[in-house]
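Asks: Below are the structure tokens for one structure; questions will follow.
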Amino acid sequence: MPRFLLTLWRNFKEYIVLILLVSVSFYTLSINQKPGVKKVKSVAFASFAVITSVVSDAINITKIKNENERLRRVNAELMLHVNELREYGIQNIQLKKLLGLKDTLHYPLIAAQIISKSFSNVQGTITLNVGSRNGVKPGMPVINDEGLIGLVYNTSDDFSIVRILRNFDLKLTVKDERSRIDGILKWNGKNLVIVNVPKTYDVEVGDRIITSDLSTIIPVPLPVGDVIGINKSSTGIFNEVTVKPFVDFIRVENVFVLGIVKSDEKNNLELNFFKREN
Amino acid sequence: MKIKSEYIASFLLFFPLLIIQITIVPLIAINGVVPDLLIILLVFYTLRLGQLEGTIIGFSYGLFYDLITGGLLGSSMLSKAITGFVVGYFFNENKKDIYLKSYVFPLVVLLGSTVDSFILSFFTTIELNTNMLGLFVQQGLLPGIYTAILSIIVIIFYPRRRLS
């Protein structure tokens with residue numbers, strides 16, 4: 001028996017090792033969401049991020065960086081104000097005041113710099129030089145003066161990993177600003193698309209897409225992109241809407257983390273409502 | 001002892017290349033297509049050390065890459081292990097230096113990078129109406145071509161074998 005195994009190993013060791021490693025890979029894929037694995041990943045990227053931040057700093061030109069940061073902060077604050085005003089203009093400011101709704105114009109902005117980018121066609125992530133010590137928490141949106149970049153996925157003390165819009169795992173509730181139609185935005189490996197949009201819904205090329213107030217992940221309206229195409233299916237009842245993001249993910253360097261997190265109260269309320277219904 | 005030192009060198013070179021991959025390489029992206037320096041390193045050492053070693057090195061590279069970049073743990077492990085295995089078919093003890101100094105090297109890099117990119121995109125984009133040919137070209141072949149072009153640097157700087 002041992003001789004047989006030895007012969008088997010000699011003749012097929014490459015295949016045996018490959019099968020073993022592929023099995024380990026599949027198993028690892030299945031345990032990605034476990035807290036222990038997330039902890040290991042955050043320690044690993046935090047340790048390495050120290051080194052990549054040094055290299056990034058050397059690449060950046062400091063003087064221009066400071067001036068750009070100041071201008072981008074101004075632009076980001078103006079972008080948020082303009083977007084809020086658009087929403088109020090549509091929804092009627094006077095009616096909201098009469099109903100006593102809260103004014104939510106001011107949000108804390110945490111300035112950050114991108115120290116590394118990991119782009120593949122399915123998993124786009126960036127690493128920022130701010131972490132839990134700066135007040136960053138998982139779930140916070142990341143923006144610049146052009147629009148939404150992504151969501152914070154994981155944090156360590158001084159660094160954060162962000163899933164950008166070009167990431168298969170990031171799905172958002174968005175809205176067509178003109179027709180007020182909601183949909184789910186996701187990355188399909190090639191484009192940002194809003195899926196399962198009924199053919200009867202009013203969506204046109206050129207429409208501006210923003211995050212929806214139905215979303216518990218991002219409860220404030222943030223610009224996402226423009227509709228550049230509508231894929232009309234000859235069969236079925238849904239279309240697929242292609243969206244071009246406002247943000248240039250290749251060139252973006254300085255960003256802001258929006259200091260808001262998803263509403264647990266709203267989540268729990270909706271969950272309890274569905275539980276009662278059932 | 002020589003093989004052991006090559007093993008160590010393969011890991012020592014991995015980390016600086018990874019830093020370059022995640023800080024500088026995104027700046028030279030063309031239409032969202034980025035080259036993969038880690039594949040060039042993997043192919044280099046697979047052609048020098050063999051198929052078994054290449055599979056293990058690829059698995060290790062993928063593990064560290066997933067841990068450090070925060071991506072889906074296991075995705076790069078799988079794609080790079082398979083890439084190391086596939087590239088290992090080109091290993092030839094007697095022709096190592098010839099392959100690393102000729103047009104064969106970029107062609108093997110093209111194959112390896114295409115396999116890596118395609119696997120990485122394939123099993124995470126499971127949609128029934130996916131155009132497979134388009135997926136292969138857009139997400140497999142284009143990054144492969146870009147990486148292969150960059151791998152020509154290895155041929156230029158690889159030392160000629162000294163005849164004893």
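In the structure tokens, chains take letters A, B, ... by order of appearance, with residues numbered from 1 within each chain and ligands from 1 in the order shown.
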At a cut-off of 7 Å, which residues of chain A touch chain B? Count only C-alpha atoms and give the answer as a PDB file with all heavy atoms, in the first residue's frame.
Replies:
ATOM      1  N   GLU A  14       1.749  16.792  -8.974  1.00  0.00           N
ATOM      2  CA  GLU A  14       1.278  18.123  -9.357  1.00  0.00           C
ATOM      3  C   GLU A  14      -0.247  18.204  -9.304  1.00  0.00           C
ATOM      4  O   GLU A  14      -0.819  19.181  -8.817  1.00  0.00           O
ATOM      5  CB  GLU A  14       1.753  18.474 -10.781  1.00  0.00           C
ATOM      6  CG  GLU A  14       3.242  18.681 -10.913  1.00  0.00           C
ATOM      7  CD  GLU A  14       4.003  17.391 -11.145  1.00  0.00           C
ATOM      8  OE1 GLU A  14       3.310  16.340 -11.269  1.00  0.00           O
ATOM      9  OE2 GLU A  14       5.223  17.407 -11.212  1.00  0.00           O
ATOM     10  N   LEU A  18      -2.559  20.396  -6.798  1.00  0.00           N
ATOM     11  CA  LEU A  18      -3.506  21.351  -7.386  1.00  0.00           C
ATOM     12  C   LEU A  18      -4.910  21.138  -6.818  1.00  0.00           C
ATOM     13  O   LEU A  18      -5.570  22.096  -6.412  1.00  0.00           O
ATOM     14  CB  LEU A  18      -3.532  21.211  -8.911  1.00  0.00           C
ATOM     15  CG  LEU A  18      -4.564  22.129  -9.604  1.00  0.00           C
ATOM     16  CD1 LEU A  18      -4.114  23.590  -9.535  1.00  0.00           C
ATOM     17  CD2 LEU A  18      -4.778  21.727 -11.060  1.00  0.00           C
ATOM     18  N   VAL A  22      -6.905  23.904  -4.689  1.00  0.00           N
ATOM     19  CA  VAL A  22      -8.193  24.394  -5.199  1.00  0.00           C
ATOM     20  C   VAL A  22      -9.287  24.165  -4.151  1.00  0.00           C
ATOM     21  O   VAL A  22     -10.132  25.025  -3.922  1.00  0.00           O
ATOM     22  CB  VAL A  22      -8.540  23.712  -6.536  1.00  0.00           C
ATOM     23  CG1 VAL A  22     -10.000  23.920  -6.895  1.00  0.00           C
ATOM     24  CG2 VAL A  22      -7.653  24.235  -7.653  1.00  0.00           C
ATOM     25  N   SER A  25      -8.933  26.730  -1.531  1.00  0.00           N
ATOM     26  CA  SER A  25      -9.419  28.023  -2.042  1.00  0.00           C
ATOM     27  C   SER A  25     -10.934  28.099  -1.969  1.00  0.00           C
ATOM     28  O   SER A  25     -11.496  29.107  -1.524  1.00  0.00           O
ATOM     29  CB  SER A  25      -8.969  28.240  -3.483  1.00  0.00           C
ATOM     30  OG  SER A  25      -7.578  28.215  -3.585  1.00  0.00           O
ATOM     31  N   PHE A  26     -11.606  27.038  -2.399  1.00  0.00           N
ATOM     32  CA  PHE A  26     -13.081  27.046  -2.365  1.00  0.00           C
ATOM     33  C   PHE A  26     -13.588  27.116  -0.929  1.00  0.00           C
ATOM     34  O   PHE A  26     -14.566  27.803  -0.620  1.00  0.00           O
ATOM     35  CB  PHE A  26     -13.646  25.814  -3.077  1.00  0.00           C
ATOM     36  CG  PHE A  26     -13.739  25.974  -4.572  1.00  0.00           C
ATOM     37  CD1 PHE A  26     -13.081  25.113  -5.432  1.00  0.00           C
ATOM     38  CD2 PHE A  26     -14.482  27.007  -5.140  1.00  0.00           C
ATOM     39  CE1 PHE A  26     -13.156  25.268  -6.812  1.00  0.00           C
ATOM     40  CE2 PHE A  26     -14.568  27.166  -6.514  1.00  0.00           C
ATOM     41  CZ  PHE A  26     -13.898  26.293  -7.350  1.00  0.00           C
ATOM     42  N   THR A  28     -12.006  28.478   1.578  1.00  0.00           N
ATOM     43  CA  THR A  28     -11.743  29.838   2.044  1.00  0.00           C
ATOM     44  C   THR A  28     -12.787  30.810   1.505  1.00  0.00           C
ATOM     45  O   THR A  28     -13.217  31.722   2.202  1.00  0.00           O
ATOM     46  CB  THR A  28     -10.342  30.296   1.592  1.00  0.00           C
ATOM     47  OG1 THR A  28      -9.402  29.283   1.912  1.00  0.00           O
ATOM     48  CG2 THR A  28      -9.932  31.576   2.273  1.00  0.00           C
ATOM     49  N   LEU A  29     -13.190  30.605   0.253  1.00  0.00           N
ATOM     50  CA  LEU A  29     -14.231  31.456  -0.325  1.00  0.00           C
ATOM     51  C   LEU A  29     -15.530  31.348   0.473  1.00  0.00           C
ATOM     52  O   LEU A  29     -16.256  32.322   0.627  1.00  0.00           O
ATOM     53  CB  LEU A  29     -14.497  31.050  -1.781  1.00  0.00           C
ATOM     54  CG  LEU A  29     -13.503  31.546  -2.811  1.00  0.00           C
ATOM     55  CD1 LEU A  29     -13.658  30.792  -4.115  1.00  0.00           C
ATOM     56  CD2 LEU A  29     -13.669  33.032  -3.051  1.00  0.00           C
ATOM     57  N   ASN A  32     -15.655  33.522   3.973  1.00  0.00           N
ATOM     58  CA  ASN A  32     -15.239  34.916   3.893  1.00  0.00           C
ATOM     59  C   ASN A  32     -15.932  35.838   4.882  1.00  0.00           C
ATOM     60  O   ASN A  32     -15.361  36.826   5.331  1.00  0.00           O
ATOM     61  CB  ASN A  32     -15.490  35.450   2.482  1.00  0.00           C
ATOM     62  CG  ASN A  32     -14.191  35.661   1.763  1.00  0.00           C
ATOM     63  OD1 ASN A  32     -13.534  36.674   1.941  1.00  0.00           O
ATOM     64  ND2 ASN A  32     -13.800  34.690   0.986  1.00  0.00           N
ATOM     65  N   LYS A  41      -8.050  39.704   7.962  1.00  0.00           N
ATOM     66  CA  LYS A  41      -7.895  40.572   6.780  1.00  0.00           C
ATOM     67  C   LYS A  41      -7.615  42.005   7.198  1.00  0.00           C
ATOM     68  O   LYS A  41      -6.763  42.678   6.613  1.00  0.00           O
ATOM     69  CB  LYS A  41      -9.152  40.508   5.915  1.00  0.00           C
ATOM     70  CG  LYS A  41      -9.238  39.247   5.071  1.00  0.00           C
ATOM     71  CD  LYS A  41     -10.595  39.035   4.466  1.00  0.00           C
ATOM     72  CE  LYS A  41     -10.903  39.972   3.349  1.00  0.00           C
ATOM     73  NZ  LYS A  41     -12.140  39.613   2.642  1.00  0.00           N
ATOM     74  N   ALA A  44      -4.046  42.281   8.403  1.00  0.00           N
ATOM     75  CA  ALA A  44      -3.102  42.152   7.277  1.00  0.00           C
ATOM     76  C   ALA A  44      -3.045  43.430   6.455  1.00  0.00           C
ATOM     77  O   ALA A  44      -1.959  43.953   6.154  1.00  0.00           O
ATOM     78  CB  ALA A  44      -3.494  40.965   6.392  1.00  0.00           C
ATOM     79  N   PHE A  45      -4.202  43.968   6.082  1.00  0.00           N
ATOM     80  CA  PHE A  45      -4.149  45.152   5.216  1.00  0.00           C
ATOM     81  C   PHE A  45      -3.666  46.369   5.984  1.00  0.00           C
ATOM     82  O   PHE A  45      -3.019  47.247   5.419  1.00  0.00           O
ATOM     83  CB  PHE A  45      -5.490  45.382   4.498  1.00  0.00           C
ATOM     84  CG  PHE A  45      -6.466  46.283   5.194  1.00  0.00           C
ATOM     85  CD1 PHE A  45      -6.279  47.661   5.211  1.00  0.00           C
ATOM     86  CD2 PHE A  45      -7.581  45.773   5.820  1.00  0.00           C
ATOM     87  CE1 PHE A  45      -7.201  48.488   5.847  1.00  0.00           C
ATOM     88  CE2 PHE A  45      -8.487  46.588   6.451  1.00  0.00           C
ATOM     89  CZ  PHE A  45      -8.303  47.945   6.474  1.00  0.00           C
ATOM     90  N   PHE A  48       0.160  46.260   6.057  1.00  0.00           N
ATOM     91  CA  PHE A  48       0.767  46.578   4.766  1.00  0.00           C
ATOM     92  C   PHE A  48       0.478  48.004   4.342  1.00  0.00           C
ATOM     93  O   PHE A  48       1.265  48.619   3.619  1.00  0.00           O
ATOM     94  CB  PHE A  48       0.247  45.594   3.709  1.00  0.00           C
ATOM     95  CG  PHE A  48       1.155  45.456   2.540  1.00  0.00           C
ATOM     96  CD1 PHE A  48       2.321  44.732   2.630  1.00  0.00           C
ATOM     97  CD2 PHE A  48       0.843  46.051   1.327  1.00  0.00           C
ATOM     98  CE1 PHE A  48       3.165  44.600   1.547  1.00  0.00           C
ATOM     99  CE2 PHE A  48       1.675  45.922   0.239  1.00  0.00           C
ATOM    100  CZ  PHE A  48       2.844  45.199   0.347  1.00  0.00           C
ATOM    101  N   THR A  52       2.517  51.101   2.106  1.00  0.00           N
ATOM    102  CA  THR A  52       1.997  51.702   0.872  1.00  0.00           C
ATOM    103  C   THR A  52       1.717  53.179   1.075  1.00  0.00           C
ATOM    104  O   THR A  52       1.835  53.966   0.133  1.00  0.00           O
ATOM    105  CB  THR A  52       0.706  51.011   0.385  1.00  0.00           C
ATOM    106  OG1 THR A  52      -0.239  50.984   1.444  1.00  0.00           O
ATOM    107  CG2 THR A  52       1.003  49.603  -0.063  1.00  0.00           C
ATOM    108  N   SER A  56       2.991  56.154  -1.365  1.00  0.00           N
ATOM    109  CA  SER A  56       2.014  57.109  -1.928  1.00  0.00           C
ATOM    110  C   SER A  56       2.421  58.535  -1.628  1.00  0.00           C
ATOM    111  O   SER A  56       2.282  59.419  -2.469  1.00  0.00           O
ATOM    112  CB  SER A  56       0.646  56.889  -1.324  1.00  0.00           C
ATOM    113  OG  SER A  56       0.099  55.743  -1.752  1.00  0.00           O
ATOM    114  N   ILE A 115      -4.326  55.530  -0.583  1.00  0.00           N
ATOM    115  CA  ILE A 115      -2.930  55.097  -0.549  1.00  0.00           C
ATOM    116  C   ILE A 115      -2.693  53.847  -1.392  1.00  0.00           C
ATOM    117  O   ILE A 115      -1.552  53.511  -1.688  1.00  0.00           O
ATOM    118  CB  ILE A 115      -2.419  54.874   0.887  1.00  0.00           C
ATOM    119  CG1 ILE A 115      -3.293  53.848   1.616  1.00  0.00           C
ATOM    120  CG2 ILE A 115      -2.378  56.170   1.642  1.00  0.00           C
ATOM    121  CD1 ILE A 115      -2.714  53.419   2.944  1.00  0.00           C
ATOM    122  N   SER A 116      -3.740  53.133  -1.743  1.00  0.00           N
ATOM    123  CA  SER A 116      -3.564  52.028  -2.688  1.00  0.00           C
ATOM    124  C   SER A 116      -4.889  51.718  -3.358  1.00  0.00           C
ATOM    125  O   SER A 116      -5.955  51.988  -2.805  1.00  0.00           O
ATOM    126  CB  SER A 116      -3.008  50.783  -2.002  1.00  0.00           C
ATOM    127  OG  SER A 116      -3.987  50.174  -1.205  1.00  0.00           O
ATOM    128  N   LYS A 117      -4.788  51.189  -4.551  1.00  0.00           N
ATOM    129  CA  LYS A 117      -5.982  50.808  -5.308  1.00  0.00           C
ATOM    130  C   LYS A 117      -5.806  49.371  -5.774  1.00  0.00           C
ATOM    131  O   LYS A 117      -4.710  48.978  -6.178  1.00  0.00           O
ATOM    132  CB  LYS A 117      -6.142  51.702  -6.543  1.00  0.00           C
ATOM    133  CG  LYS A 117      -6.332  53.163  -6.233  1.00  0.00           C
ATOM    134  CD  LYS A 117      -6.399  53.983  -7.512  1.00  0.00           C
ATOM    135  CE  LYS A 117      -6.475  55.451  -7.181  1.00  0.00           C
ATOM    136  NZ  LYS A 117      -6.437  56.305  -8.374  1.00  0.00           N
ATOM    137  N   SER A 118      -6.881  48.622  -5.700  1.00  0.00           N
ATOM    138  CA  SER A 118      -6.858  47.257  -6.215  1.00  0.00           C
ATOM    139  C   SER A 118      -8.015  47.126  -7.180  1.00  0.00           C
ATOM    140  O   SER A 118      -9.169  47.028  -6.772  1.00  0.00           O
ATOM    141  CB  SER A 118      -6.981  46.248  -5.078  1.00  0.00           C
ATOM    142  OG  SER A 118      -7.103  44.954  -5.606  1.00  0.00           O
ATOM    143  N   ASN A 121     -11.706  43.502 -12.723  1.00  0.00           N
ATOM    144  CA  ASN A 121     -13.004  43.777 -13.321  1.00  0.00           C
ATOM    145  C   ASN A 121     -14.166  43.370 -12.432  1.00  0.00           C
ATOM    146  O   ASN A 121     -15.311  43.629 -12.769  1.00  0.00           O
ATOM    147  CB  ASN A 121     -13.119  43.081 -14.680  1.00  0.00           C
ATOM    148  CG  ASN A 121     -12.372  43.860 -15.739  1.00  0.00           C
ATOM    149  OD1 ASN A 121     -12.366  45.086 -15.723  1.00  0.00           O
ATOM    150  ND2 ASN A 121     -11.711  43.178 -16.631  1.00  0.00           N
ATOM    151  N   VAL A 122     -13.890  42.716 -11.320  1.00  0.00           N
ATOM    152  CA  VAL A 122     -14.994  42.347 -10.437  1.00  0.00           C
ATOM    153  C   VAL A 122     -14.838  42.898  -9.023  1.00  0.00           C
ATOM    154  O   VAL A 122     -15.813  43.121  -8.333  1.00  0.00           O
ATOM    155  CB  VAL A 122     -15.181  40.821 -10.364  1.00  0.00           C
ATOM    156  CG1 VAL A 122     -15.746  40.299 -11.653  1.00  0.00           C
ATOM    157  CG2 VAL A 122     -13.897  40.118 -10.044  1.00  0.00           C
ATOM    158  N   GLN A 123     -13.626  43.098  -8.557  1.00  0.00           N
ATOM    159  CA  GLN A 123     -13.451  43.551  -7.178  1.00  0.00           C
ATOM    160  C   GLN A 123     -12.640  44.825  -7.161  1.00  0.00           C
ATOM    161  O   GLN A 123     -11.430  44.779  -7.195  1.00  0.00           O
ATOM    162  CB  GLN A 123     -12.706  42.503  -6.376  1.00  0.00           C
ATOM    163  CG  GLN A 123     -13.509  41.247  -6.140  1.00  0.00           C
ATOM    164  CD  GLN A 123     -12.713  40.276  -5.306  1.00  0.00           C
ATOM    165  OE1 GLN A 123     -12.259  40.615  -4.232  1.00  0.00           O
ATOM    166  NE2 GLN A 123     -12.511  39.084  -5.811  1.00  0.00           N
ATOM    167  N   ILE A 161     -10.619  50.130   4.282  1.00  0.00           N
ATOM    168  CA  ILE A 161     -10.802  49.597   2.929  1.00  0.00           C
ATOM    169  C   ILE A 161     -12.188  49.977   2.454  1.00  0.00           C
ATOM    170  O   ILE A 161     -13.157  49.849   3.205  1.00  0.00           O
ATOM    171  CB  ILE A 161     -10.626  48.069   2.908  1.00  0.00           C
ATOM    172  CG1 ILE A 161      -9.137  47.726   2.915  1.00  0.00           C
ATOM    173  CG2 ILE A 161     -11.273  47.466   1.676  1.00  0.00           C
ATOM    174  CD1 ILE A 161      -8.839  46.296   2.642  1.00  0.00           C
ATOM    175  N   ASN A 188     -21.545  44.765 -13.151  1.00  0.00           N
ATOM    176  CA  ASN A 188     -21.657  43.447 -13.782  1.00  0.00           C
ATOM    177  C   ASN A 188     -20.328  42.978 -14.377  1.00  0.00           C
ATOM    178  O   ASN A 188     -20.304  42.058 -15.171  1.00  0.00           O
ATOM    179  CB  ASN A 188     -22.747  43.471 -14.874  1.00  0.00           C
ATOM    180  CG  ASN A 188     -22.358  44.308 -16.078  1.00  0.00           C
ATOM    181  OD1 ASN A 188     -21.290  44.930 -16.103  1.00  0.00           O
ATOM    182  ND2 ASN A 188     -23.222  44.352 -17.085  1.00  0.00           N
ATOM    183  N   GLY A 189     -19.242  43.629 -13.980  1.00  0.00           N
ATOM    184  CA  GLY A 189     -17.939  43.249 -14.500  1.00  0.00           C
ATOM    185  C   GLY A 189     -17.474  44.145 -15.628  1.00  0.00           C
ATOM    186  O   GLY A 189     -16.276  44.200 -15.936  1.00  0.00           O
ATOM    187  N   ILE A 250      -9.902  55.872 -11.758  1.00  0.00           N
ATOM    188  CA  ILE A 250      -8.468  55.731 -12.030  1.00  0.00           C
ATOM    189  C   ILE A 250      -7.711  56.937 -11.477  1.00  0.00           C
ATOM    190  O   ILE A 250      -6.639  56.821 -10.899  1.00  0.00           O
ATOM    191  CB  ILE A 250      -8.204  55.613 -13.539  1.00  0.00           C
ATOM    192  CG1 ILE A 250      -8.989  54.433 -14.130  1.00  0.00           C
ATOM    193  CG2 ILE A 250      -6.726  55.495 -13.835  1.00  0.00           C
ATOM    194  CD1 ILE A 250      -8.555  53.082 -13.626  1.00  0.00           C
TER     195      ILE A 250
END
Asks: Which residues, written as a PyMOL selection string, have at least one atom at most 12 Å from region 154-158 of chain B, with only C-alpha atoms counted and residues fewer than 6 positions away on the same chain left out?
Replies: chain B and resi 37+40-41+43-45+96-107+109+147-148
Asks: Give me, please, the distance in Å between CA of Arg133 (chain A) and CA of Phe168 (chain A), quoted to one decimal.
Replies: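 Distance reported for this atom pair: 28.5 Å.
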Asks: For CA of Asn239 (chain A) and CA of Val193 (chain A), determine how far apart the two atoms are, in Å to one decimal place.
Replies: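 Separating CA of Asn239 (chain A) from CA of Val193 (chain A) is a distance of 10.1 Å.
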Asks: Tell me, as an mmCIF file with all heavy atoms, in the first residue's frame, which residues lie within 6 Å of Gly144 (chain B), counting only C-alpha atoms; anything in the same chain fewer than 4 positions away does not count.
Replies:
data_model
loop_
_atom_site.group_PDB
_atom_site.id
_atom_site.type_symbol
_atom_site.label_atom_id
_atom_site.label_comp_id
_atom_site.auth_asym_id
_atom_site.auth_seq_id
_atom_site.Cartn_x
_atom_site.Cartn_y
_atom_site.Cartn_z
ATOM 1 N N LEU B 110 1.356 35.865 -21.447
ATOM 2 C CA LEU B 110 0.036 36.160 -22.035
ATOM 3 C C LEU B 110 -0.958 35.079 -21.651
ATOM 4 O O LEU B 110 -2.074 35.355 -21.196
ATOM 5 C CB LEU B 110 0.167 36.263 -23.555
ATOM 6 C CG LEU B 110 -1.137 36.358 -24.352
ATOM 7 C CD1 LEU B 110 -1.893 37.639 -24.004
ATOM 8 C CD2 LEU B 110 -0.854 36.327 -25.850
ATOM 9 N N SER B 113 -1.581 35.202 -17.724
ATOM 10 C CA SER B 113 -2.370 36.351 -17.314
ATOM 11 C C SER B 113 -3.812 36.238 -17.798
ATOM 12 O O SER B 113 -4.750 36.610 -17.077
ATOM 13 C CB SER B 113 -1.722 37.627 -17.852
ATOM 14 O OG SER B 113 -2.423 38.752 -17.413
ATOM 15 N N THR B 114 -4.006 35.714 -18.992
ATOM 16 C CA THR B 114 -5.364 35.525 -19.514
ATOM 17 C C THR B 114 -6.121 34.522 -18.660
ATOM 18 O O THR B 114 -7.284 34.756 -18.296
ATOM 19 C CB THR B 114 -5.303 35.036 -20.974
ATOM 20 O OG1 THR B 114 -4.537 35.968 -21.752
ATOM 21 C CG2 THR B 114 -6.687 34.907 -21.568
#
